[in-house]
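File shown: coords-v9.cif. Contents: mmCIF, C-alpha atoms.
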```
data_data
#
loop_
_atom_site.label_atom_id
_atom_site.label_comp_id
_atom_site.auth_asym_id
_atom_site.auth_seq_id
_atom_site.Cartn_x
_atom_site.Cartn_y
_atom_site.Cartn_z
CA PRO A 703 0.00 0.00 0.00
CA GLU A 704 0.97 3.63 -0.63
CA GLY A 705 0.12 5.64 2.47
CA CYS A 706 1.10 8.95 0.78
CA ASP A 707 -0.29 11.83 2.86
CA ASN A 708 -3.57 10.16 3.81
CA HIS A 709 -2.41 10.40 7.44
CA LEU A 710 -3.33 14.13 7.45
CA GLY A 711 0.01 14.87 9.08
CA SER A 712 -0.86 12.73 12.11
CA LEU A 713 1.63 10.13 13.31
CA LYS A 714 -1.22 8.44 15.20
CA ILE A 715 -3.25 7.97 12.00
CA ALA A 716 -0.14 6.83 10.12
CA LYS A 717 0.44 4.13 12.74
CA GLU A 718 -3.20 3.07 12.49
CA MET A 719 -2.74 2.78 8.71
CA CYS A 720 0.35 0.60 9.22
CA LEU A 721 -1.56 -1.76 11.48
CA ALA A 722 -4.57 -1.87 9.15
CA ALA A 723 -2.29 -2.67 6.20
CA LYS A 724 -0.53 -5.36 8.23
CA ASN A 725 -3.86 -6.90 9.28
CA ALA A 726 -5.02 -6.85 5.65
CA GLY A 727 -2.04 -8.99 4.67
CA ALA A 728 0.33 -6.37 3.25
CA LYS A 729 4.05 -7.00 3.58
CA ILE A 730 5.13 -3.41 2.85
CA ILE A 731 3.65 0.05 3.38
CA LYS A 732 5.13 3.03 1.56
CA TRP A 733 5.23 6.64 2.71
CA GLN A 734 6.52 9.92 1.33
CA MET A 735 9.13 12.19 2.88
CA HIS A 736 8.45 15.79 1.93
CA LEU A 737 10.85 18.56 2.88
CA PRO A 738 9.28 21.51 1.00
CA GLU A 739 12.33 23.78 1.28
CA GLU A 740 14.50 21.07 -0.28
CA GLU A 741 12.22 19.89 -3.08
CA MET A 742 10.64 23.04 -4.49
CA VAL A 743 11.09 26.78 -4.97
CA LYS A 744 8.38 28.30 -2.81
CA ASP A 745 7.15 31.13 -5.06
CA GLU A 746 7.27 29.00 -8.21
CA ALA A 747 5.48 26.11 -6.51
CA ILE A 748 2.72 28.40 -5.22
CA ALA A 749 2.25 30.03 -8.63
CA ALA A 750 2.08 26.66 -10.39
CA SER A 751 -0.43 25.07 -8.01
CA LYS A 752 -2.56 27.86 -6.56
CA GLU A 753 -5.46 26.92 -8.86
CA SER A 754 -5.21 23.13 -8.89
CA LEU A 755 -4.73 22.95 -5.11
CA ALA A 756 -6.71 26.05 -4.17
CA LYS A 757 -8.50 24.07 -1.47
CA TRP A 758 -5.27 24.09 0.56
CA GLY A 759 -3.73 27.25 -0.90
CA SER A 760 -1.00 25.56 -2.97
CA ILE A 761 1.23 22.49 -3.00
CA TRP A 762 3.59 24.36 -0.69
CA ASP A 763 0.81 24.96 1.84
CA PHE A 764 -0.43 21.39 1.48
CA TYR A 765 2.90 19.82 2.43
CA LYS A 766 3.54 22.37 5.15
CA LYS A 767 0.23 21.28 6.68
CA PHE A 768 0.21 17.53 6.04
CA ALA A 769 3.79 16.26 5.74
CA LEU A 770 5.10 14.12 8.58
CA SER A 771 8.20 15.47 10.31
CA VAL A 772 11.55 13.69 10.09
CA GLU A 773 11.11 12.66 13.73
CA ASP A 774 7.70 11.22 12.87
CA HIS A 775 9.26 9.11 10.11
CA TYR A 776 11.81 7.68 12.55
CA LYS A 777 9.00 6.76 14.94
CA LEU A 778 6.91 5.33 12.10
CA LYS A 779 9.74 3.08 10.95
CA GLU A 780 10.26 1.88 14.53
CA TYR A 781 6.55 1.07 14.76
CA CYS A 782 6.60 -0.81 11.44
CA ASP A 783 9.55 -2.86 12.69
CA GLN A 784 7.64 -3.65 15.89
CA ILE A 785 4.47 -4.91 14.19
CA GLY A 786 6.23 -6.70 11.34
CA ILE A 787 5.50 -4.69 8.20
CA GLN A 788 8.26 -3.17 6.09
CA TYR A 789 8.54 0.62 6.12
CA PHE A 790 9.25 1.94 2.63
CA CYS A 791 9.46 5.56 1.52
CA THR A 792 9.80 7.91 -1.44
CA PRO A 793 12.30 10.77 -0.99
CA PHE A 794 11.39 13.88 -2.96
CA SER A 795 14.80 15.47 -2.47
CA LEU A 796 18.36 14.36 -1.99
CA LYS A 797 18.22 15.56 1.62
CA ALA A 798 15.23 13.28 2.24
CA ALA A 799 17.11 10.35 0.67
CA GLN A 800 20.10 10.99 2.92
CA ILE A 801 17.85 11.06 5.99
CA LEU A 802 16.16 7.82 4.96
CA ASN A 803 19.54 6.19 4.35
CA ASP A 804 20.63 7.21 7.85
CA MET A 805 17.38 5.69 9.17
CA GLY A 806 18.48 2.37 7.74
CA VAL A 807 15.78 1.85 5.10
CA ASP A 808 16.14 -1.22 2.88
CA GLY A 809 15.62 0.64 -0.39
CA PHE A 810 14.05 3.62 -2.13
CA LYS A 811 11.05 4.37 -4.35
CA ILE A 812 11.64 7.14 -6.87
CA GLY A 813 8.48 9.00 -7.85
CA SER A 814 7.61 10.00 -11.39
CA GLY A 815 8.59 13.62 -10.88
CA GLU A 816 12.16 12.71 -9.95
CA THR A 817 12.87 10.19 -12.73
CA ASP A 818 14.83 12.78 -14.72
CA ASP A 819 16.69 14.21 -11.71
CA LEU A 820 19.85 12.36 -12.67
CA LEU A 821 22.07 14.14 -10.13
CA MET A 822 19.79 12.99 -7.30
CA LEU A 823 19.56 9.48 -8.75
CA GLU A 824 23.36 9.31 -8.95
CA GLU A 825 23.72 10.06 -5.25
CA ILE A 826 20.96 7.61 -4.31
CA ALA A 827 22.53 4.91 -6.49
CA LYS A 828 25.82 5.35 -4.63
CA MET A 829 24.02 4.39 -1.40
CA GLY A 830 23.95 0.84 -2.75
CA LYS A 831 20.34 0.01 -1.92
CA PRO A 832 17.64 -1.35 -4.25
CA VAL A 833 15.47 1.19 -6.06
CA ILE A 834 11.97 1.07 -7.56
CA LEU A 835 11.69 3.69 -10.31
CA SER A 836 8.28 4.98 -11.37
CA THR A 837 7.89 5.55 -15.11
CA GLY A 838 4.98 8.00 -15.01
CA MET A 839 5.55 11.17 -17.09
CA SER A 840 8.60 9.53 -18.72
CA ASP A 841 9.38 8.35 -22.21
CA LEU A 842 11.81 5.54 -22.99
CA SER A 843 14.77 7.90 -23.37
CA ASP A 844 14.13 9.27 -19.85
CA ILE A 845 13.97 5.74 -18.46
CA ASP A 846 17.12 4.74 -20.37
CA GLU A 847 19.08 7.62 -18.83
CA ALA A 848 17.88 6.85 -15.30
CA ILE A 849 18.64 3.16 -15.66
CA GLU A 850 22.13 3.90 -16.96
CA VAL A 851 22.81 5.63 -13.62
CA PHE A 852 21.77 2.51 -11.71
CA LYS A 853 23.70 0.13 -13.94
CA LYS A 854 26.85 2.25 -13.68
CA ASN A 855 26.66 2.01 -9.89
CA ASN A 856 25.58 -1.66 -9.82
CA THR A 857 22.36 -0.65 -8.07
CA PRO A 858 19.59 -3.28 -8.12
CA PHE A 859 16.40 -1.76 -9.50
CA ALA A 860 12.84 -2.49 -10.61
CA LEU A 861 10.38 -0.38 -12.57
CA ALA A 862 6.82 0.63 -11.73
CA HIS A 863 4.60 1.26 -14.75
CA CYS A 864 2.59 4.35 -13.88
CA VAL A 865 0.09 6.54 -15.69
CA SER A 866 0.14 9.89 -13.91
CA ILE A 867 -3.54 10.70 -14.38
CA TYR A 868 -5.56 10.83 -11.19
CA LYS A 869 -8.96 12.05 -12.36
CA ASP A 870 -11.16 10.86 -15.23
CA GLN A 871 -8.61 8.23 -16.22
CA LYS A 872 -9.73 6.27 -19.27
CA THR A 873 -8.95 2.62 -19.91
CA SER A 874 -7.45 3.63 -23.26
CA GLN A 875 -4.81 5.67 -21.40
CA LEU A 876 -3.47 2.84 -19.21
CA ASN A 877 -1.03 1.47 -21.83
CA TYR A 878 -0.64 -1.86 -20.02
CA GLY A 879 1.02 -3.37 -23.09
CA LEU A 880 4.10 -1.41 -22.08
CA ILE A 881 4.54 -3.60 -18.98
CA SER A 882 5.69 -6.63 -20.94
CA GLU A 883 7.77 -4.38 -23.20
CA LEU A 884 9.57 -2.87 -20.21
CA LYS A 885 10.32 -6.36 -18.91
CA LYS A 886 11.81 -7.36 -22.26
CA ARG A 887 13.72 -4.12 -22.77
CA TYR A 888 15.35 -3.94 -19.33
CA ASP A 889 15.14 -7.52 -18.01
CA VAL A 890 14.09 -6.39 -14.51
CA PRO A 891 10.96 -6.82 -12.37
CA VAL A 892 8.16 -4.47 -13.43
CA GLY A 893 5.21 -3.56 -11.24
CA LEU A 894 2.17 -1.32 -11.47
CA SER A 895 1.60 1.92 -9.60
CA ASP A 896 -2.14 2.44 -9.97
CA HIS A 897 -4.35 5.43 -9.20
CA THR A 898 -7.79 4.18 -10.24
CA PRO A 899 -10.60 4.35 -7.63
CA PRO A 900 -11.66 0.97 -6.16
CA GLU A 901 -15.00 0.95 -7.97
CA LYS A 902 -13.19 1.15 -11.33
CA GLN A 903 -10.07 -0.85 -10.64
CA GLU A 904 -10.76 -4.59 -10.88
CA PRO A 905 -10.81 -5.10 -14.68
CA LYS A 906 -7.85 -2.76 -15.02
CA ILE A 907 -5.80 -4.54 -12.37
CA TRP A 908 -6.43 -7.91 -14.01
CA GLY A 909 -5.21 -6.45 -17.28
CA ALA A 910 -1.90 -5.58 -15.60
CA VAL A 911 -1.67 -9.04 -14.01
CA HIS A 912 -2.12 -10.56 -17.47
CA GLN A 913 0.90 -8.54 -18.62
CA GLY A 914 3.02 -10.13 -15.89
CA VAL A 915 3.43 -7.45 -13.22
CA ASN A 916 5.64 -8.48 -10.30
CA PHE A 917 4.02 -6.16 -7.75
CA ILE A 918 1.12 -3.72 -7.45
CA GLU A 919 1.17 -0.42 -5.56
CA LYS A 920 -2.20 1.02 -4.56
CA HIS A 921 -2.98 4.14 -2.54
CA PHE A 922 -4.43 3.25 0.86
CA THR A 923 -6.56 5.13 3.39
CA LEU A 924 -8.68 4.58 6.48
CA ASP A 925 -11.49 6.82 5.20
CA ARG A 926 -12.16 7.62 1.54
CA ASN A 927 -14.07 10.78 2.58
CA GLN A 928 -11.13 12.42 4.33
CA GLU A 929 -10.30 16.02 3.46
CA ASP A 930 -6.98 15.24 1.80
CA ALA A 931 -5.74 14.97 -1.78
CA ASP A 932 -5.66 11.20 -2.35
CA SER A 933 -8.20 9.37 -0.19
CA TRP A 934 -10.99 9.69 -2.77
CA PHE A 935 -9.23 7.24 -5.11
CA SER A 936 -7.51 5.13 -2.45
CA LEU A 937 -8.38 1.62 -1.25
#
```
What's the structure tokens form of this structure?
Amino acid sequence: PEGCDNHLGSLKIAKEMCLAAKNAGAKIIKWQMHLPEEEMVKDEAIAASKESLAKWGSIWDFYKKFALSVEDHYKLKEYCDQIGIQYFCTPFSLKAAQILNDMGVDGFKIGSGETDDLLMLEEIAKMGKPVILSTGMSDLSDIDEAIEVFKKNNTPFALAHCVSIYKDQKTSQLNYGLISELKKRYDVPVGLSDHTPPEKQEPKIWGAVHQGVNFIEKHFTLDRNQEDADSWFSL
């Protein structure tokens, strides 16, 4: 499960999500480490998102309100270790990756927006831990360049096929045929990072399974009616 920011900035809710995921049979739960000052330019971020995220002000305001603190992430990983579910996390900046590495994480998930940040990928690759790279918003040349960084550093990696459309996603846009092509092209495990709401997901998920996905990542929440950005399409 992808816990994203469906914890509303509450460590208590995040722990409840970990336990719910564990009880549902999940082996891993993934989070996001957002350090707004490290991952975006404040004025540019506000200008670019003040309409799409007007409900919260902007993407800057959203993460200032809902992001877990670094201390919270340490406590969350400790809790995951205690209950027996693997803590996994996406760093959205090099600083976040360095913090996660110091925490002793087993690997990293790279989100679609960072696939072409080759300088960041280079530093993460040098940490010597496995990486899952999301392919959303990327073409094959972008993926080739990112993978070259991992191969050069002998970093184990897998890919997550992702279509970065969260609203009004059409079946014709899913491009599941690319899953088997990615497996052939790169000879690595390929999974699916899926954003479709539960009521629309089943036939789409089976289509990905038919293409041979090795893992599936789905957004996860305790309440689909929460006042956050992702719960409406989460499991």
Find the residues of stretch 879-915 of chain A that sit at most 6 Å from stretch 859-873 of chain A; for each, write down the nearest two atoms and how far apart they are in Å, to one decimal. Count only C-alpha atoms. Sort by chain, then by number going up, and give it as a tab-separated table.
```
residue	atom	partner	partner_atom	distance
A:Val890	CA	A:Ala860	CA	5.7
A:Pro891	CA	A:Ala860	CA	5.0
A:Val892	CA	A:Leu861	CA	4.7
A:Gly893	CA	A:Ala862	CA	4.5
A:Leu894	CA	A:His863	CA	4.8
A:Ser895	CA	A:Cys864	CA	5.0
A:His897	CA	A:Tyr868	CA	5.9
```
Could I get the residues of stretch 781-800 of chain A with an atom no further than 10 Å from an atom of stretch 815-819 of chain A, each paired with its nearest atom pair and that distance in Å to one decimal, using all atoms listed in the file, sorted by chain and residue number, as a Markdown table?
```
| residue | atom | partner | partner_atom | distance |
| --- | --- | --- | --- | --- |
| A:Pro793 | CA | A:Glu816 | CA | 9.2 |
| A:Phe794 | CA | A:Glu816 | CA | 7.1 |
| A:Ser795 | CA | A:Glu816 | CA | 8.4 |
| A:Leu796 | CA | A:Asp819 | CA | 9.9 |
```
Output as a Markdown table one row per residue of stretch 780-898 of chain A within 12 Å of stretch 733-748 of chain A: the closest atom pair and its distance in Å to one decimal place, counting all atoms listed in the file, sorted by chain and residue number ascending.
```
| residue | atom | partner | partner_atom | distance |
| --- | --- | --- | --- | --- |
| A:Cys782 | CA | A:Trp733 | CA | 11.6 |
| A:Gln788 | CA | A:Trp733 | CA | 10.8 |
| A:Tyr789 | CA | A:Trp733 | CA | 7.7 |
| A:Phe790 | CA | A:Trp733 | CA | 6.2 |
| A:Cys791 | CA | A:Trp733 | CA | 4.5 |
| A:Thr792 | CA | A:Gln734 | CA | 4.7 |
| A:Pro793 | CA | A:Met735 | CA | 5.2 |
| A:Phe794 | CA | A:His736 | CA | 6.0 |
| A:Ser795 | CA | A:Glu741 | CA | 5.2 |
| A:Leu796 | CA | A:Glu740 | CA | 7.9 |
| A:Lys797 | CA | A:Glu740 | CA | 6.9 |
| A:Ala798 | CA | A:Met735 | CA | 6.2 |
| A:Ala799 | CA | A:Met735 | CA | 8.5 |
| A:Gln800 | CA | A:Met735 | CA | 11.0 |
| A:Ile801 | CA | A:Met735 | CA | 9.3 |
| A:Leu802 | CA | A:Met735 | CA | 8.5 |
| A:Val807 | CA | A:Trp733 | CA | 11.8 |
| A:Phe810 | CA | A:Gln734 | CA | 10.4 |
| A:Lys811 | CA | A:Gln734 | CA | 9.1 |
| A:Ile812 | CA | A:Gln734 | CA | 10.1 |
| A:Gly813 | CA | A:Gln734 | CA | 9.4 |
| A:Gly815 | CA | A:Glu741 | CA | 10.6 |
| A:Glu816 | CA | A:Glu741 | CA | 9.9 |
| A:Asp819 | CA | A:Glu741 | CA | 11.3 |
| A:Met822 | CA | A:Glu741 | CA | 11.1 |
```
Practice task
Can you turn the PyMOL selection byres ((chain A and resi 929) around 12) into a concrete residue list for this file, as a PyMOL selection string?
Solution key: chain A and resi 707-711+757-758+764+768+923-928+930-934
Name every residue that the PyMOL selection byres ((chain A and resi 846) around 12) selects in this structure, writing the answer as a PyMOL selection string with chains first and numbers rising. chain A and resi 817-818+820+835+837+840-845+847-853+861+884+887-888
Rebuild N, CA and C atoms on stretch 772-805 of chain A, as a JSON list (two decimals), in the frame of the given file?
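File rebuild.json, as written:
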```json
[["chain", "number", "residue", "atom", "x", "y", "z"],
["A", 772, "VAL", "N", 10.49, 14.70, 10.13],
["A", 772, "VAL", "CA", 11.55, 13.69, 10.09],
["A", 772, "VAL", "C", 11.48, 12.81, 11.34],
["A", 773, "GLU", "N", 11.24, 13.43, 12.49],
["A", 773, "GLU", "CA", 11.11, 12.66, 13.73],
["A", 773, "GLU", "C", 9.95, 11.67, 13.65],
["A", 774, "ASP", "N", 8.85, 12.11, 13.04],
["A", 774, "ASP", "CA", 7.70, 11.22, 12.87],
["A", 774, "ASP", "C", 8.08, 10.00, 12.02],
["A", 775, "HIS", "N", 8.85, 10.22, 10.97],
["A", 775, "HIS", "CA", 9.26, 9.11, 10.11],
["A", 775, "HIS", "C", 10.12, 8.10, 10.88],
["A", 776, "TYR", "N", 11.01, 8.59, 11.72],
["A", 776, "TYR", "CA", 11.81, 7.68, 12.55],
["A", 776, "TYR", "C", 10.90, 6.83, 13.43],
["A", 777, "LYS", "N", 9.92, 7.48, 14.06],
["A", 777, "LYS", "CA", 9.00, 6.76, 14.94],
["A", 777, "LYS", "C", 8.13, 5.79, 14.14],
["A", 778, "LEU", "N", 7.75, 6.19, 12.93],
["A", 778, "LEU", "CA", 6.91, 5.33, 12.10],
["A", 778, "LEU", "C", 7.67, 4.07, 11.67],
["A", 779, "LYS", "N", 8.94, 4.25, 11.31],
["A", 779, "LYS", "CA", 9.74, 3.08, 10.95],
["A", 779, "LYS", "C", 9.90, 2.15, 12.15],
["A", 780, "GLU", "N", 10.14, 2.69, 13.32],
["A", 780, "GLU", "CA", 10.26, 1.88, 14.53],
["A", 780, "GLU", "C", 8.97, 1.09, 14.76],
["A", 781, "TYR", "N", 7.84, 1.74, 14.56],
["A", 781, "TYR", "CA", 6.55, 1.07, 14.76],
["A", 781, "TYR", "C", 6.35, -0.04, 13.74],
["A", 782, "CYS", "N", 6.70, 0.23, 12.48],
["A", 782, "CYS", "CA", 6.60, -0.81, 11.44],
["A", 782, "CYS", "C", 7.45, -2.02, 11.80],
["A", 783, "ASP", "N", 8.67, -1.76, 12.28],
["A", 783, "ASP", "CA", 9.55, -2.86, 12.69],
["A", 783, "ASP", "C", 8.91, -3.67, 13.82],
["A", 784, "GLN", "N", 8.25, -2.98, 14.74],
["A", 784, "GLN", "CA", 7.64, -3.65, 15.89],
["A", 784, "GLN", "C", 6.49, -4.57, 15.48],
["A", 785, "ILE", "N", 5.66, -4.12, 14.54],
["A", 785, "ILE", "CA", 4.47, -4.91, 14.19],
["A", 785, "ILE", "C", 4.73, -5.86, 13.02],
["A", 786, "GLY", "N", 5.88, -5.74, 12.38],
["A", 786, "GLY", "CA", 6.23, -6.70, 11.34],
["A", 786, "GLY", "C", 5.74, -6.37, 9.95],
["A", 787, "ILE", "N", 5.78, -5.09, 9.58],
["A", 787, "ILE", "CA", 5.50, -4.69, 8.20],
["A", 787, "ILE", "C", 6.65, -3.78, 7.78],
["A", 788, "GLN", "N", 7.09, -3.92, 6.54],
["A", 788, "GLN", "CA", 8.26, -3.17, 6.09],
["A", 788, "GLN", "C", 7.90, -1.71, 5.81],
["A", 789, "TYR", "N", 8.65, -0.81, 6.40],
["A", 789, "TYR", "CA", 8.54, 0.62, 6.12],
["A", 789, "TYR", "C", 9.30, 0.91, 4.84],
["A", 790, "PHE", "N", 8.64, 1.58, 3.90],
["A", 790, "PHE", "CA", 9.25, 1.94, 2.63],
["A", 790, "PHE", "C", 8.90, 3.40, 2.39],
["A", 791, "CYS", "N", 9.72, 4.13, 1.62],
["A", 791, "CYS", "CA", 9.46, 5.56, 1.52],
["A", 791, "CYS", "C", 10.02, 6.14, 0.22],
["A", 792, "THR", "N", 9.33, 7.15, -0.29],
["A", 792, "THR", "CA", 9.80, 7.91, -1.44],
["A", 792, "THR", "C", 10.42, 9.21, -0.96],
["A", 793, "PRO", "N", 11.70, 9.45, -1.26],
["A", 793, "PRO", "CA", 12.30, 10.77, -0.99],
["A", 793, "PRO", "C", 12.03, 11.70, -2.17],
["A", 794, "PHE", "N", 11.62, 12.92, -1.89],
["A", 794, "PHE", "CA", 11.39, 13.88, -2.96],
["A", 794, "PHE", "C", 12.50, 14.92, -3.06],
["A", 795, "SER", "N", 13.61, 14.63, -2.38],
["A", 795, "SER", "CA", 14.80, 15.47, -2.47],
["A", 795, "SER", "C", 15.98, 14.63, -2.04],
["A", 796, "LEU", "N", 17.16, 15.08, -2.41],
["A", 796, "LEU", "CA", 18.36, 14.36, -1.99],
["A", 796, "LEU", "C", 18.49, 14.36, -0.47],
["A", 797, "LYS", "N", 18.16, 15.48, 0.16],
["A", 797, "LYS", "CA", 18.22, 15.56, 1.62],
["A", 797, "LYS", "C", 17.34, 14.50, 2.25],
["A", 798, "ALA", "N", 16.14, 14.30, 1.71],
["A", 798, "ALA", "CA", 15.23, 13.28, 2.24],
["A", 798, "ALA", "C", 15.84, 11.89, 2.07],
["A", 799, "ALA", "N", 16.47, 11.65, 0.91],
["A", 799, "ALA", "CA", 17.11, 10.35, 0.67],
["A", 799, "ALA", "C", 18.23, 10.10, 1.66],
["A", 800, "GLN", "N", 19.00, 11.13, 1.96],
["A", 800, "GLN", "CA", 20.10, 10.99, 2.92],
["A", 800, "GLN", "C", 19.57, 10.68, 4.31],
["A", 801, "ILE", "N", 18.47, 11.33, 4.68],
["A", 801, "ILE", "CA", 17.85, 11.06, 5.99],
["A", 801, "ILE", "C", 17.35, 9.62, 6.05],
["A", 802, "LEU", "N", 16.68, 9.19, 4.99],
["A", 802, "LEU", "CA", 16.16, 7.82, 4.96],
["A", 802, "LEU", "C", 17.29, 6.80, 5.00],
["A", 803, "ASN", "N", 18.37, 7.09, 4.31],
["A", 803, "ASN", "CA", 19.54, 6.19, 4.35],
["A", 803, "ASN", "C", 20.09, 6.09, 5.76],
["A", 804, "ASP", "N", 20.17, 7.22, 6.46],
["A", 804, "ASP", "CA", 20.63, 7.21, 7.85],
["A", 804, "ASP", "C", 19.67, 6.45, 8.76],
["A", 805, "MET", "N", 18.39, 6.44, 8.40],
["A", 805, "MET", "CA", 17.38, 5.69, 9.17],
["A", 805, "MET", "C", 17.56, 4.18, 9.02]]
```
